[in-house]
file run_38.pdb (PDB, C-alpha atoms and all ligand atoms)
ATOM      1  CA  MET A   1      -7.060   1.741 -18.948  1.00  0.00           C
ATOM      2  CA  LYS A   2      -7.277   4.014 -15.907  1.00  0.00           C
ATOM      3  CA  ALA A   3      -5.100   2.751 -13.047  1.00  0.00           C
ATOM      4  CA  VAL A   4      -4.403   4.354  -9.664  1.00  0.00           C
ATOM      5  CA  VAL A   5      -1.991   3.323  -6.946  1.00  0.00           C
ATOM      6  CA  VAL A   6      -3.069   4.291  -3.422  1.00  0.00           C
ATOM      7  CA  TYR A   7      -0.839   3.922  -0.383  1.00  0.00           C
ATOM      8  CA  GLU A   8      -0.348   4.497   3.319  1.00  0.00           C
ATOM      9  CA  SER A   9       3.190   5.314   4.406  1.00  0.00           C
ATOM     10  CA  LEU A  10       4.575   6.689   7.667  1.00  0.00           C
ATOM     11  CA  TRP A  11       8.300   6.549   6.845  1.00  0.00           C
ATOM     12  CA  GLY A  12       8.306   6.567   3.056  1.00  0.00           C
ATOM     13  CA  ASN A  13       9.121   2.939   2.239  1.00  0.00           C
ATOM     14  CA  THR A  14       5.611   2.113   1.000  1.00  0.00           C
ATOM     15  CA  ALA A  15       5.435   5.463  -0.830  1.00  0.00           C
ATOM     16  CA  ALA A  16       8.616   4.608  -2.751  1.00  0.00           C
ATOM     17  CA  ILE A  17       7.272   1.158  -3.659  1.00  0.00           C
ATOM     18  CA  ALA A  18       3.940   2.707  -4.732  1.00  0.00           C
ATOM     19  CA  ARG A  19       5.735   5.159  -7.057  1.00  0.00           C
ATOM     20  CA  ALA A  20       7.785   2.328  -8.580  1.00  0.00           C
ATOM     21  CA  ILE A  21       4.626   0.240  -9.160  1.00  0.00           C
ATOM     22  CA  ALA A  22       2.923   3.234 -10.820  1.00  0.00           C
ATOM     23  CA  GLU A  23       5.965   3.710 -13.061  1.00  0.00           C
ATOM     24  CA  GLY A  24       5.867   0.016 -13.981  1.00  0.00           C
ATOM     25  CA  ILE A  25       2.180   0.114 -14.890  1.00  0.00           C
ATOM     26  CA  GLY A  26       2.856   2.877 -17.378  1.00  0.00           C
ATOM     27  CA  PRO A  27       2.974   6.574 -18.225  1.00  0.00           C
ATOM     28  CA  GLY A  28       0.419   8.809 -16.578  1.00  0.00           C
ATOM     29  CA  VAL A  29      -0.260   6.436 -13.665  1.00  0.00           C
ATOM     30  CA  ARG A  30       0.047   8.187 -10.325  1.00  0.00           C
ATOM     31  CA  ALA A  31       0.753   6.996  -6.812  1.00  0.00           C
ATOM     32  CA  LEU A  32      -1.646   8.790  -4.455  1.00  0.00           C
ATOM     33  CA  THR A  33      -1.860   9.195  -0.690  1.00  0.00           C
ATOM     34  CA  THR A  34      -5.199   8.305   0.891  1.00  0.00           C
ATOM     35  CA  SER A  35      -5.926  12.060   1.054  1.00  0.00           C
ATOM     36  CA  GLU A  36      -5.212  12.552  -2.647  1.00  0.00           C
ATOM     37  CA  ALA A  37      -7.219   9.477  -3.723  1.00  0.00           C
ATOM     38  CA  SER A  38     -10.625  11.121  -3.455  1.00  0.00           C
ATOM     39  CA  GLY A  39     -13.809   9.476  -4.685  1.00  0.00           C
ATOM     40  CA  ALA A  40     -13.488  11.352  -7.996  1.00  0.00           C
ATOM     41  CA  ALA A  41      -9.876  10.215  -8.499  1.00  0.00           C
ATOM     42  CA  VAL A  42     -10.795   6.526  -8.237  1.00  0.00           C
ATOM     43  CA  ALA A  43     -14.489   6.437  -9.185  1.00  0.00           C
ATOM     44  CA  ASP A  44     -14.001   5.169 -12.736  1.00  0.00           C
ATOM     45  CA  ALA A  45     -10.735   3.314 -12.176  1.00  0.00           C
ATOM     46  CA  ASP A  46     -10.252   0.087 -14.119  1.00  0.00           C
ATOM     47  CA  LEU A  47      -7.477  -0.922 -11.731  1.00  0.00           C
ATOM     48  CA  ILE A  48      -6.899   0.062  -8.103  1.00  0.00           C
ATOM     49  CA  VAL A  49      -3.579  -0.990  -6.614  1.00  0.00           C
ATOM     50  CA  ALA A  50      -3.568  -0.463  -2.836  1.00  0.00           C
ATOM     51  CA  GLY A  51      -0.724  -0.947  -0.396  1.00  0.00           C
ATOM     52  CA  ALA A  52       0.292  -0.370   3.214  1.00  0.00           C
ATOM     53  CA  PRO A  53       2.978  -1.315   5.720  1.00  0.00           C
ATOM     54  CA  VAL A  54       2.426  -4.249   8.044  1.00  0.00           C
ATOM     55  CA  PHE A  55       2.030  -2.832  11.559  1.00  0.00           C
ATOM     56  CA  GLY A  56       1.312  -5.172  14.468  1.00  0.00           C
ATOM     57  CA  PHE A  57       1.059  -8.145  12.076  1.00  0.00           C
ATOM     58  CA  SER A  58      -1.868  -6.541  10.233  1.00  0.00           C
ATOM     59  CA  LEU A  59      -3.370  -3.543   8.394  1.00  0.00           C
ATOM     60  CA  ALA A  60      -3.450  -0.639  10.854  1.00  0.00           C
ATOM     61  CA  SER A  61      -6.529   1.318  11.869  1.00  0.00           C
ATOM     62  CA  ASP A  62      -6.469   5.131  12.275  1.00  0.00           C
ATOM     63  CA  LYS A  63      -6.274   4.597  16.029  1.00  0.00           C
ATOM     64  CA  MET A  64      -3.287   2.311  15.696  1.00  0.00           C
ATOM     65  CA  LEU A  65      -1.457   4.813  13.448  1.00  0.00           C
ATOM     66  CA  GLN A  66      -2.037   7.522  16.045  1.00  0.00           C
ATOM     67  CA  GLY A  67      -0.679   5.146  18.684  1.00  0.00           C
ATOM     68  CA  ILE A  68       2.453   4.463  16.626  1.00  0.00           C
ATOM     69  CA  ALA A  69       2.885   8.207  16.008  1.00  0.00           C
ATOM     70  CA  ALA A  70       2.619   8.922  19.747  1.00  0.00           C
ATOM     71  CA  ASN A  71       5.112   6.219  20.648  1.00  0.00           C
ATOM     72  CA  PRO A  72       7.149   5.228  17.596  1.00  0.00           C
ATOM     73  CA  GLY A  73      10.261   3.953  19.363  1.00  0.00           C
ATOM     74  CA  ASN A  74      13.426   5.407  17.873  1.00  0.00           C
ATOM     75  CA  PRO A  75      12.690   6.281  14.243  1.00  0.00           C
ATOM     76  CA  PRO A  76      15.187   7.995  11.921  1.00  0.00           C
ATOM     77  CA  ALA A  77      12.520  10.621  11.077  1.00  0.00           C
ATOM     78  CA  PRO A  78       9.111  11.667  12.417  1.00  0.00           C
ATOM     79  CA  PRO A  79       6.217   9.590  10.989  1.00  0.00           C
ATOM     80  CA  ASP A  80       3.814  11.156   8.488  1.00  0.00           C
ATOM     81  CA  VAL A  81       0.376  10.600   9.985  1.00  0.00           C
ATOM     82  CA  SER A  82      -1.312  13.440   8.104  1.00  0.00           C
ATOM     83  CA  HIS A  83      -3.408  11.081   5.964  1.00  0.00           C
ATOM     84  CA  PRO A  84      -6.198   8.637   6.831  1.00  0.00           C
ATOM     85  CA  SER A  85      -5.187   4.995   7.227  1.00  0.00           C
ATOM     86  CA  LEU A  86      -5.594   2.817   4.145  1.00  0.00           C
ATOM     87  CA  ARG A  87      -8.067   0.786   6.225  1.00  0.00           C
ATOM     88  CA  SER A  88     -10.415   3.753   6.663  1.00  0.00           C
ATOM     89  CA  TRP A  89      -9.904   4.794   3.015  1.00  0.00           C
ATOM     90  CA  LEU A  90     -10.975   1.291   1.951  1.00  0.00           C
ATOM     91  CA  ASP A  91     -13.993   1.420   4.277  1.00  0.00           C
ATOM     92  CA  ALA A  92     -15.158   4.572   2.468  1.00  0.00           C
ATOM     93  CA  LEU A  93     -14.361   3.379  -1.073  1.00  0.00           C
ATOM     94  CA  PRO A  94     -17.446   3.788  -3.286  1.00  0.00           C
ATOM     95  CA  HIS A  95     -18.633   0.664  -5.058  1.00  0.00           C
ATOM     96  CA  GLY A  96     -17.007   0.117  -8.454  1.00  0.00           C
ATOM     97  CA  SER A  97     -16.551  -2.565 -11.062  1.00  0.00           C
ATOM     98  CA  GLY A  98     -12.824  -2.560 -11.785  1.00  0.00           C
ATOM     99  CA  ARG A  99     -10.003  -4.915 -10.883  1.00  0.00           C
ATOM    100  CA  SER A 100      -7.527  -4.650  -8.032  1.00  0.00           C
ATOM    101  CA  ALA A 101      -4.163  -5.668  -6.622  1.00  0.00           C
ATOM    102  CA  ALA A 102      -2.788  -5.401  -3.079  1.00  0.00           C
ATOM    103  CA  PHE A 103       0.735  -5.004  -1.731  1.00  0.00           C
ATOM    104  CA  GLU A 104       2.502  -4.526   1.581  1.00  0.00           C
ATOM    105  CA  THR A 105       5.915  -3.533   2.918  1.00  0.00           C
ATOM    106  CA  ARG A 106       7.181  -5.635   5.807  1.00  0.00           C
ATOM    107  CA  LEU A 107       9.969  -7.367   7.634  1.00  0.00           C
ATOM    108  CA  SER A 108      10.897 -10.712   6.092  1.00  0.00           C
ATOM    109  CA  TRP A 109      10.371 -12.759   9.251  1.00  0.00           C
ATOM    110  CA  SER A 110       7.072 -11.375  10.536  1.00  0.00           C
ATOM    111  CA  PRO A 111       3.901 -13.434  10.755  1.00  0.00           C
ATOM    112  CA  GLY A 112       0.625 -11.904   9.591  1.00  0.00           C
ATOM    113  CA  GLY A 113       0.253  -9.272   6.890  1.00  0.00           C
ATOM    114  CA  ALA A 114      -1.727  -6.290   5.628  1.00  0.00           C
ATOM    115  CA  THR A 115      -2.799  -7.665   2.251  1.00  0.00           C
ATOM    116  CA  PRO A 116      -5.527 -10.102   3.423  1.00  0.00           C
ATOM    117  CA  ALA A 117      -7.558  -7.173   4.816  1.00  0.00           C
ATOM    118  CA  ILE A 118      -6.816  -5.027   1.730  1.00  0.00           C
ATOM    119  CA  VAL A 119      -7.944  -7.778  -0.667  1.00  0.00           C
ATOM    120  CA  ARG A 120     -11.145  -8.381   1.333  1.00  0.00           C
ATOM    121  CA  ALA A 121     -12.069  -4.683   1.365  1.00  0.00           C
ATOM    122  CA  LEU A 122     -11.360  -4.209  -2.358  1.00  0.00           C
ATOM    123  CA  GLU A 123     -13.458  -7.257  -3.221  1.00  0.00           C
ATOM    124  CA  ARG A 124     -16.286  -5.995  -1.000  1.00  0.00           C
ATOM    125  CA  ALA A 125     -16.233  -2.726  -2.992  1.00  0.00           C
ATOM    126  CA  GLY A 126     -16.502  -4.617  -6.279  1.00  0.00           C
ATOM    127  CA  PHE A 127     -12.815  -4.625  -7.319  1.00  0.00           C
ATOM    128  CA  SER A 128     -11.796  -8.252  -7.916  1.00  0.00           C
ATOM    129  CA  PRO A 129      -8.100  -9.221  -7.806  1.00  0.00           C
ATOM    130  CA  VAL A 130      -6.148  -9.328 -11.068  1.00  0.00           C
ATOM    131  CA  ALA A 131      -3.008 -10.757  -9.405  1.00  0.00           C
ATOM    132  CA  LYS A 132      -1.780 -12.351  -6.208  1.00  0.00           C
ATOM    133  CA  PRO A 133      -0.791  -9.844  -3.478  1.00  0.00           C
ATOM    134  CA  ALA A 134       2.846  -8.744  -3.417  1.00  0.00           C
ATOM    135  CA  ARG A 135       5.195  -8.325  -0.464  1.00  0.00           C
ATOM    136  CA  PHE A 136       8.158  -5.927  -0.461  1.00  0.00           C
ATOM    137  CA  ILE A 137      10.787  -6.304   2.228  1.00  0.00           C
ATOM    138  CA  VAL A 138      12.478  -3.740   4.492  1.00  0.00           C
ATOM    139  CA  LYS A 139      15.720  -4.434   6.349  1.00  0.00           C
ATOM    140  CA  GLY A 140      14.720  -2.891   9.703  1.00  0.00           C
ATOM    141  CA  LYS A 141      11.670  -1.716  11.653  1.00  0.00           C
ATOM    142  CA  PHE A 142      11.666   1.674   9.856  1.00  0.00           C
ATOM    143  CA  GLY A 143      13.319   0.577   6.602  1.00  0.00           C
ATOM    144  CA  PRO A 144      15.220   0.957   4.377  1.00  0.00           C
ATOM    145  CA  LEU A 145      13.963  -1.278   1.599  1.00  0.00           C
ATOM    146  CA  ARG A 146      16.027  -4.326   0.784  1.00  0.00           C
ATOM    147  CA  ASP A 147      18.214  -3.867  -2.318  1.00  0.00           C
ATOM    148  CA  GLY A 148      16.343  -4.608  -5.531  1.00  0.00           C
ATOM    149  CA  GLU A 149      12.842  -4.094  -4.124  1.00  0.00           C
ATOM    150  CA  LEU A 150      12.148  -0.939  -6.184  1.00  0.00           C
ATOM    151  CA  GLU A 151      13.086  -2.794  -9.359  1.00  0.00           C
ATOM    152  CA  ARG A 152      10.877  -5.722  -8.309  1.00  0.00           C
ATOM    153  CA  ALA A 153       8.011  -3.257  -7.711  1.00  0.00           C
ATOM    154  CA  ARG A 154       8.421  -1.731 -11.183  1.00  0.00           C
ATOM    155  CA  GLN A 155       8.396  -5.230 -12.623  1.00  0.00           C
ATOM    156  CA  TRP A 156       5.237  -6.150 -10.684  1.00  0.00           C
ATOM    157  CA  GLY A 157       3.563  -2.972 -11.981  1.00  0.00           C
ATOM    158  CA  ALA A 158       4.415  -4.002 -15.549  1.00  0.00           C
ATOM    159  CA  GLU A 159       2.945  -7.466 -14.898  1.00  0.00           C
ATOM    160  CA  LEU A 160      -0.277  -5.898 -13.609  1.00  0.00           C
ATOM    161  CA  ALA A 161      -0.578  -3.795 -16.773  1.00  0.00           C
ATOM    162  CA  LYS A 162      -0.098  -6.933 -18.856  1.00  0.00           C
ATOM    163  CA  ALA A 163      -2.716  -8.843 -16.864  1.00  0.00           C
ATOM    164  CA  MET A 164      -5.178  -5.997 -17.530  1.00  0.00           C
ATOM    165  CA  GLU A 165      -4.760  -6.175 -21.325  1.00  0.00           C
TER     166      GLU A 165
HETATM  167  C1  LIG B 201       5.551   0.173  15.420  1.00  0.00           C
HETATM  168  C2  LIG B 201       5.921  -0.713  14.266  1.00  0.00           C
HETATM  169  C3  LIG B 201       5.340  -1.968  14.142  1.00  0.00           C
HETATM  170  C4  LIG B 201       5.683  -2.801  13.071  1.00  0.00           C
HETATM  171  N1  LIG B 201       5.097  -4.030  12.977  1.00  0.00           N
HETATM  172  C5  LIG B 201       5.468  -4.863  11.966  1.00  0.00           C
HETATM  173  C6  LIG B 201       4.901  -6.169  11.861  1.00  0.00           C
HETATM  174  O1  LIG B 201       4.081  -6.623  12.677  1.00  0.00           O
HETATM  175  N2  LIG B 201       5.302  -6.957  10.817  1.00  0.00           N
HETATM  176  C7  LIG B 201       6.207  -6.524   9.884  1.00  0.00           C
HETATM  177  O2  LIG B 201       6.520  -7.280   8.980  1.00  0.00           O
HETATM  178  N3  LIG B 201       6.734  -5.272   9.947  1.00  0.00           N
HETATM  179  C8  LIG B 201       6.397  -4.449  10.956  1.00  0.00           C
HETATM  180  N4  LIG B 201       6.932  -3.184  11.016  1.00  0.00           N
HETATM  181  C9  LIG B 201       7.844  -2.730   9.950  1.00  0.00           C
HETATM  182  C10 LIG B 201       7.076  -1.904   8.896  1.00  0.00           C
HETATM  183  O3  LIG B 201       6.083  -2.683   8.264  1.00  0.00           O
HETATM  184  C11 LIG B 201       8.026  -1.410   7.801  1.00  0.00           C
HETATM  185  O4  LIG B 201       9.054  -0.629   8.318  1.00  0.00           O
HETATM  186  C12 LIG B 201       7.313  -0.637   6.705  1.00  0.00           C
HETATM  187  O5  LIG B 201       8.069  -0.692   5.516  1.00  0.00           O
HETATM  188  C13 LIG B 201       7.075   0.814   7.046  1.00  0.00           C
HETATM  189  O6  LIG B 201       6.461   1.412   5.928  1.00  0.00           O
HETATM  190  P1  LIG B 201       6.473   2.992   5.693  1.00  0.00           P
HETATM  191  O7  LIG B 201       7.921   3.429   5.662  1.00  0.00           O
HETATM  192  O8  LIG B 201       5.802   3.168   4.387  1.00  0.00           O
HETATM  193  O9  LIG B 201       5.725   3.616   6.827  1.00  0.00           O
HETATM  194  C14 LIG B 201       6.618  -2.351  12.080  1.00  0.00           C
HETATM  195  C15 LIG B 201       7.184  -1.082  12.208  1.00  0.00           C
HETATM  196  C16 LIG B 201       6.851  -0.253  13.267  1.00  0.00           C
HETATM  197  C17 LIG B 201       7.482   1.106  13.363  1.00  0.00           C
END
call {"tool": "encode", "arguments": {"input": "run_38.pdb", "output": "structure tokens"}}
result
Amino acid sequence: MKAVVVYESLWGNTAAIARAIAEGIGPGVRALTTSEASGAAVADADLIVAGAPVFGFSLASDKMLQGIAANPGNPPAPPDVSHPSLRSWLDALPHGSGRSAAFETRLSWSPGGATPAIVRALERAGFSPVAKPARFIVKGKFGPLRDGELERARQWGAELAKAME
């Protein structure tokens, strides 16, 4: 089974969750930025796991990420906006026939979410869901992750691998 985990991450929380999910799925599975996840890297994937932070109650566009980067508030570190948004990566995803799973990082109390848009785009590209979307919680606007979330992500990755058997 070829699985790839693709993520958007400005402050590293989603990147850390993506790496833990990849680890949970199994050896040789990589977590890739939207720049690294080229057409060739995902073309013949049996499983695409895609995740992003919730920004503004939703999945951000490129324009919104640039807006956040220009006016981020008071972050502990500068945001990494060197990669396309997951939304634009999904828009350009070539049609495939594998399965998919979506995840997001977010505050516990927020309405909305990023995964509905991720699921819709993956389905449109031919990748039907193998599991319900997962939510991983941060403690503040810029993180860090709540205790235990990395372990939960590894566990979710292992469940995805099992569901693909
Ligand atoms: C400008 C801004 C807007 C945000 N909007 C939301 C939101 O609407 N809902 C939510 O749950 N979290 C929101 N968050 C929190 C982020 O989703 C959270 O910190 C996420 O883990 C960041 O992921 P990253 O470190 O991978 O960039 C927001 C954070 C920032 C900086």
call {"tool": "residues_near_ligand", "arguments": {"input": "run_38.pdb", "ligand": "ligand LIG 201 (chain B)", "cutoff": "9 Å", "atoms": "all atoms listed in the file", "output": "PyMOL selection string"}}
result
chain A and resi 7-17+52-58+65+67-69+71-75+79-80+104-114+136-145
call {"tool": "write_last_selection", "arguments": {"input": "run_38.pdb", "atoms": "C-alpha atoms", "output": "PDB file, in the coordinates of the input"}}
result
ATOM      1  CA  TYR A   7      -0.839   3.922  -0.383  1.00  0.00           C
ATOM      2  CA  GLU A   8      -0.348   4.497   3.319  1.00  0.00           C
ATOM      3  CA  SER A   9       3.190   5.314   4.406  1.00  0.00           C
ATOM      4  CA  LEU A  10       4.575   6.689   7.667  1.00  0.00           C
ATOM      5  CA  TRP A  11       8.300   6.549   6.845  1.00  0.00           C
ATOM      6  CA  GLY A  12       8.306   6.567   3.056  1.00  0.00           C
ATOM      7  CA  ASN A  13       9.121   2.939   2.239  1.00  0.00           C
ATOM      8  CA  THR A  14       5.611   2.113   1.000  1.00  0.00           C
ATOM      9  CA  ALA A  15       5.435   5.463  -0.830  1.00  0.00           C
ATOM     10  CA  ALA A  16       8.616   4.608  -2.751  1.00  0.00           C
ATOM     11  CA  ILE A  17       7.272   1.158  -3.659  1.00  0.00           C
ATOM     12  CA  ALA A  52       0.292  -0.370   3.214  1.00  0.00           C
ATOM     13  CA  PRO A  53       2.978  -1.315   5.720  1.00  0.00           C
ATOM     14  CA  VAL A  54       2.426  -4.249   8.044  1.00  0.00           C
ATOM     15  CA  PHE A  55       2.030  -2.832  11.559  1.00  0.00           C
ATOM     16  CA  GLY A  56       1.312  -5.172  14.468  1.00  0.00           C
ATOM     17  CA  PHE A  57       1.059  -8.145  12.076  1.00  0.00           C
ATOM     18  CA  SER A  58      -1.868  -6.541  10.233  1.00  0.00           C
ATOM     19  CA  LEU A  65      -1.457   4.813  13.448  1.00  0.00           C
ATOM     20  CA  GLY A  67      -0.679   5.146  18.684  1.00  0.00           C
ATOM     21  CA  ILE A  68       2.453   4.463  16.626  1.00  0.00           C
ATOM     22  CA  ALA A  69       2.885   8.207  16.008  1.00  0.00           C
ATOM     23  CA  ASN A  71       5.112   6.219  20.648  1.00  0.00           C
ATOM     24  CA  PRO A  72       7.149   5.228  17.596  1.00  0.00           C
ATOM     25  CA  GLY A  73      10.261   3.953  19.363  1.00  0.00           C
ATOM     26  CA  ASN A  74      13.426   5.407  17.873  1.00  0.00           C
ATOM     27  CA  PRO A  75      12.690   6.281  14.243  1.00  0.00           C
ATOM     28  CA  PRO A  79       6.217   9.590  10.989  1.00  0.00           C
ATOM     29  CA  ASP A  80       3.814  11.156   8.488  1.00  0.00           C
ATOM     30  CA  GLU A 104       2.502  -4.526   1.581  1.00  0.00           C
ATOM     31  CA  THR A 105       5.915  -3.533   2.918  1.00  0.00           C
ATOM     32  CA  ARG A 106       7.181  -5.635   5.807  1.00  0.00           C
ATOM     33  CA  LEU A 107       9.969  -7.367   7.634  1.00  0.00           C
ATOM     34  CA  SER A 108      10.897 -10.712   6.092  1.00  0.00           C
ATOM     35  CA  TRP A 109      10.371 -12.759   9.251  1.00  0.00           C
ATOM     36  CA  SER A 110       7.072 -11.375  10.536  1.00  0.00           C
ATOM     37  CA  PRO A 111       3.901 -13.434  10.755  1.00  0.00           C
ATOM     38  CA  GLY A 112       0.625 -11.904   9.591  1.00  0.00           C
ATOM     39  CA  GLY A 113       0.253  -9.272   6.890  1.00  0.00           C
ATOM     40  CA  ALA A 114      -1.727  -6.290   5.628  1.00  0.00           C
ATOM     41  CA  PHE A 136       8.158  -5.927  -0.461  1.00  0.00           C
ATOM     42  CA  ILE A 137      10.787  -6.304   2.228  1.00  0.00           C
ATOM     43  CA  VAL A 138      12.478  -3.740   4.492  1.00  0.00           C
ATOM     44  CA  LYS A 139      15.720  -4.434   6.349  1.00  0.00           C
ATOM     45  CA  GLY A 140      14.720  -2.891   9.703  1.00  0.00           C
ATOM     46  CA  LYS A 141      11.670  -1.716  11.653  1.00  0.00           C
ATOM     47  CA  PHE A 142      11.666   1.674   9.856  1.00  0.00           C
ATOM     48  CA  GLY A 143      13.319   0.577   6.602  1.00  0.00           C
ATOM     49  CA  PRO A 144      15.220   0.957   4.377  1.00  0.00           C
ATOM     50  CA  LEU A 145      13.963  -1.278   1.599  1.00  0.00           C
TER      51      LEU A 145
END
call {"tool": "residues_around", "arguments": {"input": "run_38.pdb", "residues": "A:Pro84", "least_positions_apart": "5", "cutoff": "10 Å", "atoms": "all atoms listed in the file", "output": "PyMOL selection string"}}
result
chain A and resi 8+33-35+61-62+65+89
call {"tool": "atom_distance", "arguments": {"input": "run_38.pdb", "atom1": "atom CA of A:Leu47", "atom2": "atom CA of A:Leu122"}}
result
10.7 Å
call {"tool": "closest_residue", "arguments": {"input": "run_38.pdb", "among": "A:Gly148, A:Gly24, A:Pro94, A:Pro133", "to": "A:Ala43", "atoms": "all atoms listed in the file"}}
result
A:Pro94
call {"tool": "resolve_selection", "arguments": {"input": "run_38.pdb", "expression": "the PyMOL selection byres (((chain A and resi 22) around 10) and not hetatm)", "output": "PyMOL selection string"}}
result
chain A and resi 3-6+16-21+23-32+49+153-154+156-158+161
call {"tool": "atom_distance", "arguments": {"input": "run_38.pdb", "atom1": "atom CA of A:Glu149", "atom2": "atom CA of A:Val81"}}
result
23.9 Å
